[in-house]
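Trainee: Handing you a structure now.
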Amino acid sequence: MPRSVRRSPSGRVVAVTGTRLFLGQELVARFESDPSCAAVLALDAPLGSTVSPRVTAHELELARPGADQRLAAVLRNAGVDTLVHAAFVPAPTHEIELSHELESIGTLNVLAACEASGVRRLVVWSQTVLYGAHPDNPALLPESWRLRGAADSPFLRDKLEAERLVREFAGRVPRVRTAVLRTAPIVGPHAVGLIPALLERRFVPVAAGYDPLMQVVHEYDALDAFKCAVDREGDGPFNIVAEGVLPIRTALLVAGRVPVPVPPNTLRRLLAMLWAVRASEASAPFVDYLMYPCVADGGRAARELGFRPTYSTQESIGDHLARCSAGRARPAGAAAGSCGGE
């Protein structure tokens, strides 16, 4: 794999997808405040939603027929050299068809547009949950480990498909330096997902007889990782995780929550029923993560991207709870962690 090298920042034009959600919105703010960026494009954003003269909004629906050609034209006309693809569903949803269209078809259109335009750098969001929770997982999952997320989970299946498409694209179009950032479950005052949802409950079901280690990453550290990946040209997948791990029950106790042990098979049936009537954030495959570890190694991101998280897993959970309780959030574009050598 090629050695990571520092990009020349002069005149960079960055485009970001997924700008209707927090991650994409904050990435736009980060790049807009970066003097090395000549311009920023907020793709799939409502027209008129940006106020900075350095940011241009383009209301594109990535999954619609012909979206690849329209997006390619936008990228060419603006001279975009870097694209951050963050248009992914952050948490399981009952809108399965819409999610599939966005993540599978939308990603296919984004890749086609990159190939047809002058984009030279592509950074794609993914998640460490795609490794799957299994009893034979190593203590720390390297990026080379096979992705074994449950195929019966539409949430995981679409992301696995998107990663496959990106991997094939990177092999076919080597002129586009491509990185995939697999983030641990993101927590923070704006975070959406299973872990933030569980942390907001007083009583939390856990799998009786099991207490696997877990890890998270703070939302501000996740943003820093994307900035590092744009500034440096490391290729391939990178695990983006906080330092340290906690047993799930300890993490819940630290958060002031009460773990409620339930036999795993009973819990699977319960979640399946609740999911069917849209009364649960989690479906049955989530029980695997309450039984077995899914902890990733963040060493490659430190070595090749210079990414070093500010928050540990315990600190991330603590800050998530403190900021959510106080209703406080850091202003858009503010810096948190760092890229080594900056």
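By convention here, the chains of the structure tokens are called A, B, ... in the order presented, each chain's residues are numbered starting at 1, and ligands are numbered starting at 1 in the order presented.
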Can you list, as number ranges by chain, every residue of segment 130-249 of chain A that DSSP puts in alpha helix (DSSP H)?

Mentor: A: 154-172, 194-199, 219-231, 248-249

Trainee: Export C-alpha atoms of the chosen residues as a PDB file, in the first residue's frame?

Mentor:
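Output (result_25.pdb):
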```
ATOM      1  CA  PRO A 154     -30.471  -4.072   6.354  1.00  0.00           C
ATOM      2  CA  PHE A 155     -28.548  -1.367   8.246  1.00  0.00           C
ATOM      3  CA  LEU A 156     -25.322  -3.381   7.984  1.00  0.00           C
ATOM      4  CA  ARG A 157     -26.051  -4.936   4.597  1.00  0.00           C
ATOM      5  CA  ASP A 158     -26.269  -1.608   2.762  1.00  0.00           C
ATOM      6  CA  LYS A 159     -23.025  -0.356   4.324  1.00  0.00           C
ATOM      7  CA  LEU A 160     -21.267  -3.595   3.446  1.00  0.00           C
ATOM      8  CA  GLU A 161     -22.439  -3.161  -0.141  1.00  0.00           C
ATOM      9  CA  ALA A 162     -21.196   0.430  -0.192  1.00  0.00           C
ATOM     10  CA  GLU A 163     -17.762  -0.641   1.078  1.00  0.00           C
ATOM     11  CA  ARG A 164     -17.600  -3.303  -1.641  1.00  0.00           C
ATOM     12  CA  LEU A 165     -18.404  -0.719  -4.302  1.00  0.00           C
ATOM     13  CA  VAL A 166     -15.760   1.663  -2.949  1.00  0.00           C
ATOM     14  CA  ARG A 167     -13.135  -1.090  -2.781  1.00  0.00           C
ATOM     15  CA  GLU A 168     -13.787  -2.073  -6.403  1.00  0.00           C
ATOM     16  CA  PHE A 169     -13.688   1.582  -7.456  1.00  0.00           C
ATOM     17  CA  ALA A 170     -10.343   2.146  -5.725  1.00  0.00           C
ATOM     18  CA  GLY A 171      -8.864  -0.819  -7.573  1.00  0.00           C
ATOM     19  CA  ARG A 172     -10.291   0.270 -10.917  1.00  0.00           C
ATOM     20  CA  LEU A 194     -28.001   2.849  18.969  1.00  0.00           C
ATOM     21  CA  ILE A 195     -25.414   3.719  21.614  1.00  0.00           C
ATOM     22  CA  PRO A 196     -26.636   7.324  22.106  1.00  0.00           C
ATOM     23  CA  ALA A 197     -30.218   5.998  22.252  1.00  0.00           C
ATOM     24  CA  LEU A 198     -29.302   3.446  24.916  1.00  0.00           C
ATOM     25  CA  LEU A 199     -27.398   6.031  26.946  1.00  0.00           C
ATOM     26  CA  GLU A 219     -18.262  13.200  17.365  1.00  0.00           C
ATOM     27  CA  TYR A 220     -15.656  15.975  17.451  1.00  0.00           C
ATOM     28  CA  ASP A 221     -12.851  13.432  17.147  1.00  0.00           C
ATOM     29  CA  ALA A 222     -14.669  11.843  14.204  1.00  0.00           C
ATOM     30  CA  LEU A 223     -14.746  15.244  12.509  1.00  0.00           C
ATOM     31  CA  ASP A 224     -11.045  15.699  13.175  1.00  0.00           C
ATOM     32  CA  ALA A 225     -10.372  12.314  11.566  1.00  0.00           C
ATOM     33  CA  PHE A 226     -12.125  13.361   8.355  1.00  0.00           C
ATOM     34  CA  LYS A 227     -10.072  16.557   8.277  1.00  0.00           C
ATOM     35  CA  CYS A 228      -6.874  14.517   8.738  1.00  0.00           C
ATOM     36  CA  ALA A 229      -7.923  12.154   5.933  1.00  0.00           C
ATOM     37  CA  VAL A 230      -8.459  15.096   3.570  1.00  0.00           C
ATOM     38  CA  ASP A 231      -5.131  16.694   4.484  1.00  0.00           C
ATOM     39  CA  ILE A 248     -20.739  -2.675  28.386  1.00  0.00           C
ATOM     40  CA  ARG A 249     -22.180  -2.942  31.886  1.00  0.00           C
TER      41      ARG A 249
END
```

Trainee: Give me the residues within 10 Å of His320 of chain A as a PDB file with N, CA and C atoms, in the first residue's frame, counting only C-alpha atoms and dropping any in the same chain fewer than 5 places off.

Mentor:
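Output file selection_10.pdb is given in full below:
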```
ATOM      1  N   ILE A 186     -20.510   6.576  17.266  1.00  0.00           N
ATOM      2  CA  ILE A 186     -20.251   7.984  17.571  1.00  0.00           C
ATOM      3  C   ILE A 186     -21.159   8.449  18.701  1.00  0.00           C
ATOM      4  N   VAL A 187     -20.577   9.108  19.695  1.00  0.00           N
ATOM      5  CA  VAL A 187     -21.348   9.715  20.777  1.00  0.00           C
ATOM      6  C   VAL A 187     -21.029  11.198  20.836  1.00  0.00           C
ATOM      7  N   GLY A 188     -21.906  11.944  21.456  1.00  0.00           N
ATOM      8  CA  GLY A 188     -21.757  13.388  21.549  1.00  0.00           C
ATOM      9  C   GLY A 188     -23.118  14.040  21.549  1.00  0.00           C
ATOM     10  N   PRO A 189     -23.165  15.344  21.771  1.00  0.00           N
ATOM     11  CA  PRO A 189     -24.457  16.024  21.912  1.00  0.00           C
ATOM     12  C   PRO A 189     -25.346  15.971  20.681  1.00  0.00           C
ATOM     13  N   HIS A 190     -24.754  15.747  19.492  1.00  0.00           N
ATOM     14  CA  HIS A 190     -25.559  15.672  18.267  1.00  0.00           C
ATOM     15  C   HIS A 190     -25.680  14.248  17.738  1.00  0.00           C
ATOM     16  N   ALA A 191     -25.071  13.289  18.411  1.00  0.00           N
ATOM     17  CA  ALA A 191     -24.951  11.947  17.866  1.00  0.00           C
ATOM     18  C   ALA A 191     -26.289  11.227  17.798  1.00  0.00           C
ATOM     19  N   PRO A 196     -26.026   6.125  21.506  1.00  0.00           N
ATOM     20  CA  PRO A 196     -26.636   7.324  22.106  1.00  0.00           C
ATOM     21  C   PRO A 196     -28.061   7.079  22.588  1.00  0.00           C
ATOM     22  N   LEU A 199     -27.895   5.201  25.860  1.00  0.00           N
ATOM     23  CA  LEU A 199     -27.398   6.031  26.946  1.00  0.00           C
ATOM     24  C   LEU A 199     -28.451   7.001  27.471  1.00  0.00           C
ATOM     25  N   HIS A 218     -15.800  10.073  20.005  1.00  0.00           N
ATOM     26  CA  HIS A 218     -16.536  11.322  20.177  1.00  0.00           C
ATOM     27  C   HIS A 218     -16.783  11.966  18.821  1.00  0.00           C
ATOM     28  N   GLU A 219     -17.918  12.618  18.671  1.00  0.00           N
ATOM     29  CA  GLU A 219     -18.262  13.200  17.365  1.00  0.00           C
ATOM     30  C   GLU A 219     -17.231  14.228  16.914  1.00  0.00           C
ATOM     31  N   ALA A 255     -22.451   5.772  33.067  1.00  0.00           N
ATOM     32  CA  ALA A 255     -23.448   6.717  32.547  1.00  0.00           C
ATOM     33  C   ALA A 255     -24.644   6.881  33.474  1.00  0.00           C
ATOM     34  N   GLN A 314     -14.210   6.373  27.844  1.00  0.00           N
ATOM     35  CA  GLN A 314     -14.911   6.813  29.058  1.00  0.00           C
ATOM     36  C   GLN A 314     -15.176   8.307  29.021  1.00  0.00           C
ATOM     37  N   GLU A 315     -14.198   9.094  28.577  1.00  0.00           N
ATOM     38  CA  GLU A 315     -14.387  10.547  28.495  1.00  0.00           C
ATOM     39  C   GLU A 315     -15.439  10.900  27.446  1.00  0.00           C
ATOM     40  N   SER A 325     -27.097  16.849  28.784  1.00  0.00           N
ATOM     41  CA  SER A 325     -27.855  17.310  29.948  1.00  0.00           C
ATOM     42  C   SER A 325     -27.901  18.826  30.005  1.00  0.00           C
ATOM     43  N   ALA A 329     -23.345  22.690  23.066  1.00  0.00           N
ATOM     44  CA  ALA A 329     -22.582  22.090  21.974  1.00  0.00           C
ATOM     45  C   ALA A 329     -21.519  23.058  21.518  1.00  0.00           C
TER      46      ALA A 329
END
```

Trainee: DSSP on the backbone: which residues in segment 62-291 of chain A end up as strand (DSSP E)? Give the answer as number ranges by chain.

Mentor: A: 82-85, 121-127, 177-183, 186-187, 203-207, 213-214, 217-218, 236-240, 246-247, 258-262

Trainee: Quick one: write out the picked residues with C-alpha atoms as a PDB file, in the first residue's frame?

Mentor:
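Output (result.pdb):
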```
ATOM      1  CA  THR A  82     -11.585  16.350  -2.955  1.00  0.00           C
ATOM      2  CA  LEU A  83     -14.922  14.733  -2.148  1.00  0.00           C
ATOM      3  CA  VAL A  84     -16.060  13.541   1.286  1.00  0.00           C
ATOM      4  CA  HIS A  85     -18.924  11.058   0.989  1.00  0.00           C
ATOM      5  CA  ARG A 121      -9.178  12.460  -3.402  1.00  0.00           C
ATOM      6  CA  LEU A 122     -12.196  10.562  -2.034  1.00  0.00           C
ATOM      7  CA  VAL A 123     -12.949   9.978   1.664  1.00  0.00           C
ATOM      8  CA  VAL A 124     -15.904   7.740   2.532  1.00  0.00           C
ATOM      9  CA  TRP A 125     -17.637   7.250   5.884  1.00  0.00           C
ATOM     10  CA  SER A 126     -18.152   3.712   7.190  1.00  0.00           C
ATOM     11  CA  GLN A 127     -18.449   2.075  10.622  1.00  0.00           C
ATOM     12  CA  ARG A 177      -6.746   8.340  -3.824  1.00  0.00           C
ATOM     13  CA  THR A 178      -9.494   6.669  -1.798  1.00  0.00           C
ATOM     14  CA  ALA A 179      -9.828   6.281   1.982  1.00  0.00           C
ATOM     15  CA  VAL A 180     -12.617   4.718   4.034  1.00  0.00           C
ATOM     16  CA  LEU A 181     -13.038   5.887   7.629  1.00  0.00           C
ATOM     17  CA  ARG A 182     -14.646   3.211   9.797  1.00  0.00           C
ATOM     18  CA  THR A 183     -15.789   5.057  12.892  1.00  0.00           C
ATOM     19  CA  ILE A 186     -20.251   7.984  17.571  1.00  0.00           C
ATOM     20  CA  VAL A 187     -21.348   9.715  20.777  1.00  0.00           C
ATOM     21  CA  PHE A 203     -32.975   0.956  32.189  1.00  0.00           C
ATOM     22  CA  VAL A 204     -31.008  -0.766  29.432  1.00  0.00           C
ATOM     23  CA  PRO A 205     -31.402  -4.462  28.459  1.00  0.00           C
ATOM     24  CA  VAL A 206     -28.155  -6.436  28.239  1.00  0.00           C
ATOM     25  CA  ALA A 207     -27.474 -10.073  27.368  1.00  0.00           C
ATOM     26  CA  LEU A 213     -15.820  -4.746  25.777  1.00  0.00           C
ATOM     27  CA  MET A 214     -17.047  -1.759  23.803  1.00  0.00           C
ATOM     28  CA  VAL A 217     -15.532   7.769  19.351  1.00  0.00           C
ATOM     29  CA  HIS A 218     -16.536  11.322  20.177  1.00  0.00           C
ATOM     30  CA  GLY A 236      -7.725   2.164   2.082  1.00  0.00           C
ATOM     31  CA  PRO A 237      -9.696   1.645   5.299  1.00  0.00           C
ATOM     32  CA  PHE A 238      -8.881   3.301   8.630  1.00  0.00           C
ATOM     33  CA  ASN A 239     -10.401   2.543  12.027  1.00  0.00           C
ATOM     34  CA  ILE A 240     -11.389   5.757  13.813  1.00  0.00           C
ATOM     35  CA  LEU A 246     -15.082  -0.431  28.751  1.00  0.00           C
ATOM     36  CA  PRO A 247     -17.208  -3.488  29.471  1.00  0.00           C
ATOM     37  CA  VAL A 258     -29.203   0.379  35.067  1.00  0.00           C
ATOM     38  CA  PRO A 259     -28.284  -2.769  33.079  1.00  0.00           C
ATOM     39  CA  VAL A 260     -31.174  -5.236  32.933  1.00  0.00           C
ATOM     40  CA  PRO A 261     -29.952  -8.774  32.086  1.00  0.00           C
ATOM     41  CA  VAL A 262     -32.203 -10.680  29.675  1.00  0.00           C
TER      42      VAL A 262
END
```

Trainee: With only C-alpha atoms as the counted atoms, please give the residues lying no more than 12 Å from Arg70 of chain A, apart from itself and same-chain residues fewer than 2 positions off, as an MDAnalysis selection string.

Mentor: chainID A and resid 43:44 58:68 72:77 109:110 112:114 116:117

Trainee: Can you work out which one of A:Glu243, A:Glu304, A:Asp211, A:Glu103 has the shortest atom-to-atom distance to Gly18 of chain A, counting only C-alpha atoms?

Mentor: A:Glu103

Trainee: Using only C-alpha atoms, which of A:Val16, A:Ala302, A:Leu321, A:Leu267 sits nearest Arg201 of chain A?

Mentor: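 Once distances to Arg201 of chain A are computed over only C-alpha atoms, the minimum belongs to A:Leu321.
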
Trainee: Name the closest residue to Glu233 of chain A among the candidates A:Arg257, A:Ser280, A:Pro212, A:Leu305; distances are taken between atoms, counting only C-alpha atoms.

Mentor: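 Residue with the minimum atom-to-atom distance to Glu233 of chain A: A:Leu305.
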